[in-house]
Amino acid sequence: MDIIKGNREELDVKAAEAIGDALSRFSEEKTNVVFGVSGGRDVLGVFEALKQREIDWTFVEIFMLDECFVGFKDPDSTFGQAKRGFIGDLIEKGSLSSRNVHYFDPKKKIDSYQDEFIAAGGTFDVVLAALEMDGRIASLFPHGAGLKEEDSFVVMKDAPLKLKKRMTVTRKVLEHVGEAVLVVYGMDKKESFEMFLDESVDVNECPAKVLEGAENLQVFSDLKG
């Protein structure tokens, strides 16, 4: 695990660079590269920086790590954030095919989304996630269903937040990520970041620790010290 410190604007650019480099490396080895993104305000700057980089998106397939049961125009929609943040721009420019963008439709069963993921390879080569105050990433909550489920994705109806019904990737999938980029922004993440770094804390208490199983994990943090 590498921890890169700095100010948020610089880190957003560096995180996007790390993602671009990882996508490029995997594209040399595979015919399709699977990239997973989570939502939340802390990844928005990385989305913007991804638009500015020269990345070959031809063989990249993008999946959402989680999704709220809301419309895509809702500010809490992961796909909505990603589309407005970088995906829509790339499609408009012709850099990314809309066929390579996969999103969970809350009006459909989880099976169809899971089938798309399995057809793409069933693993994430590259992941972008943000550490939240409760130690989670995506909607993988402490002691939640996503830590126990054997499928790749699961729907929960009792998330401990205002939007209780959500879809999330599971521990089973995130334990086998190729390259992971984790952003840790803001003093409100200080306690959860300490948990993340504490070897005595397990993944049930701090689900973000699941990314420690990645072949390469880069953490970008604006926290001091």
# chains A, B, ... in the order shown; residues from 1 in each chain; ligands from 1
$ residues_around --residues "range 159-166 of chain A" --least-positions-apart "5" --cutoff "6 Å" --atoms "only C-alpha atoms" --output "short mmCIF file (atom, residue, chain, number, x, y, z; two decimals) with N, CA and C atoms, in the first residue's frame"
data_model
loop_
_atom_site.label_atom_id
_atom_site.label_comp_id
_atom_site.auth_asym_id
_atom_site.auth_seq_id
_atom_site.Cartn_x
_atom_site.Cartn_y
_atom_site.Cartn_z
N GLU A 67 -25.23 1.74 -6.00
CA GLU A 67 -26.27 2.63 -6.54
C GLU A 67 -27.41 2.74 -5.54
N CYS A 68 -27.93 3.94 -5.42
CA CYS A 68 -29.13 4.17 -4.61
C CYS A 68 -30.36 3.94 -5.48
N PHE A 69 -31.46 3.59 -4.85
CA PHE A 69 -32.70 3.39 -5.58
C PHE A 69 -33.37 4.74 -5.80
#
$ select_by_dssp --residues "range 24-193 of chain A" --states "helix (DSSP H, G or I)" --output "PyMOL selection string"
chain A and resi 24-27+41-52+78-93+98-100+110-119+145-147+171-174+187-193
$ atom_distance --atom1 "CA of Lys189 in chain A" --atom2 "CA of Phe72 in chain A"
27.0 Å
$ residues_around --residues "Gly71 in chain A" --least-positions-apart "5" --cutoff "9 Å" --atoms "only C-alpha atoms" --output "list of chain:residue names"
A:Asp76, A:Ser77, A:Gly80, A:Asp105, A:Pro106
$ closest_residue --among "A:Gly36, A:Gly144, A:Gly45, A:Gly213" --to "Thr123 in chain A" --atoms "only C-alpha atoms"
A:Gly36
$ residues_around --residues "Arg53 in chain A" --least-positions-apart "3" --cutoff "8 Å" --atoms "only C-alpha atoms" --output "PyMOL selection string"
chain A and resi 16-17+20+49-50
$ write_last_selection --atoms "N, CA and C atoms" --output "compact mmCIF listing (two decimals), in the first residue's frame"
# COMPACT_ATOMS: atom_id res chain seq x y z
N ALA A 16 -6.17 10.40 -10.85
CA ALA A 16 -6.58 10.16 -12.23
C ALA A 16 -5.41 9.62 -13.06
N GLU A 17 -4.22 10.11 -12.77
CA GLU A 17 -3.02 9.61 -13.46
C GLU A 17 -2.78 8.15 -13.12
N GLY A 20 -5.35 6.09 -14.97
CA GLY A 20 -5.02 6.03 -16.40
C GLY A 20 -3.87 5.07 -16.67
N ALA A 49 -10.78 15.17 -13.37
CA ALA A 49 -9.40 15.00 -13.83
C ALA A 49 -9.29 13.89 -14.88
N LEU A 50 -10.13 12.87 -14.76
CA LEU A 50 -10.11 11.79 -15.75
C LEU A 50 -10.48 12.30 -17.14
$ atom_distance --atom1 "CA of Asp42 in chain A" --atom2 "CA of Tyr185 in chain A"
6.6 Å
$ residues_around --residues "His176 in chain A" --least-positions-apart "2" --cutoff "12 Å" --atoms "only C-alpha atoms" --output "list in words"
Gly122, Thr123, Phe124, Asp125, Val126, Val127, Ser152, Thr170, Arg171, Lys172, Val173, Leu174, Gly178, Glu179, Ala180, Val210, Leu211, Glu212, Gly213, Ala214, Glu215, Asn216 and Leu217 of chain A
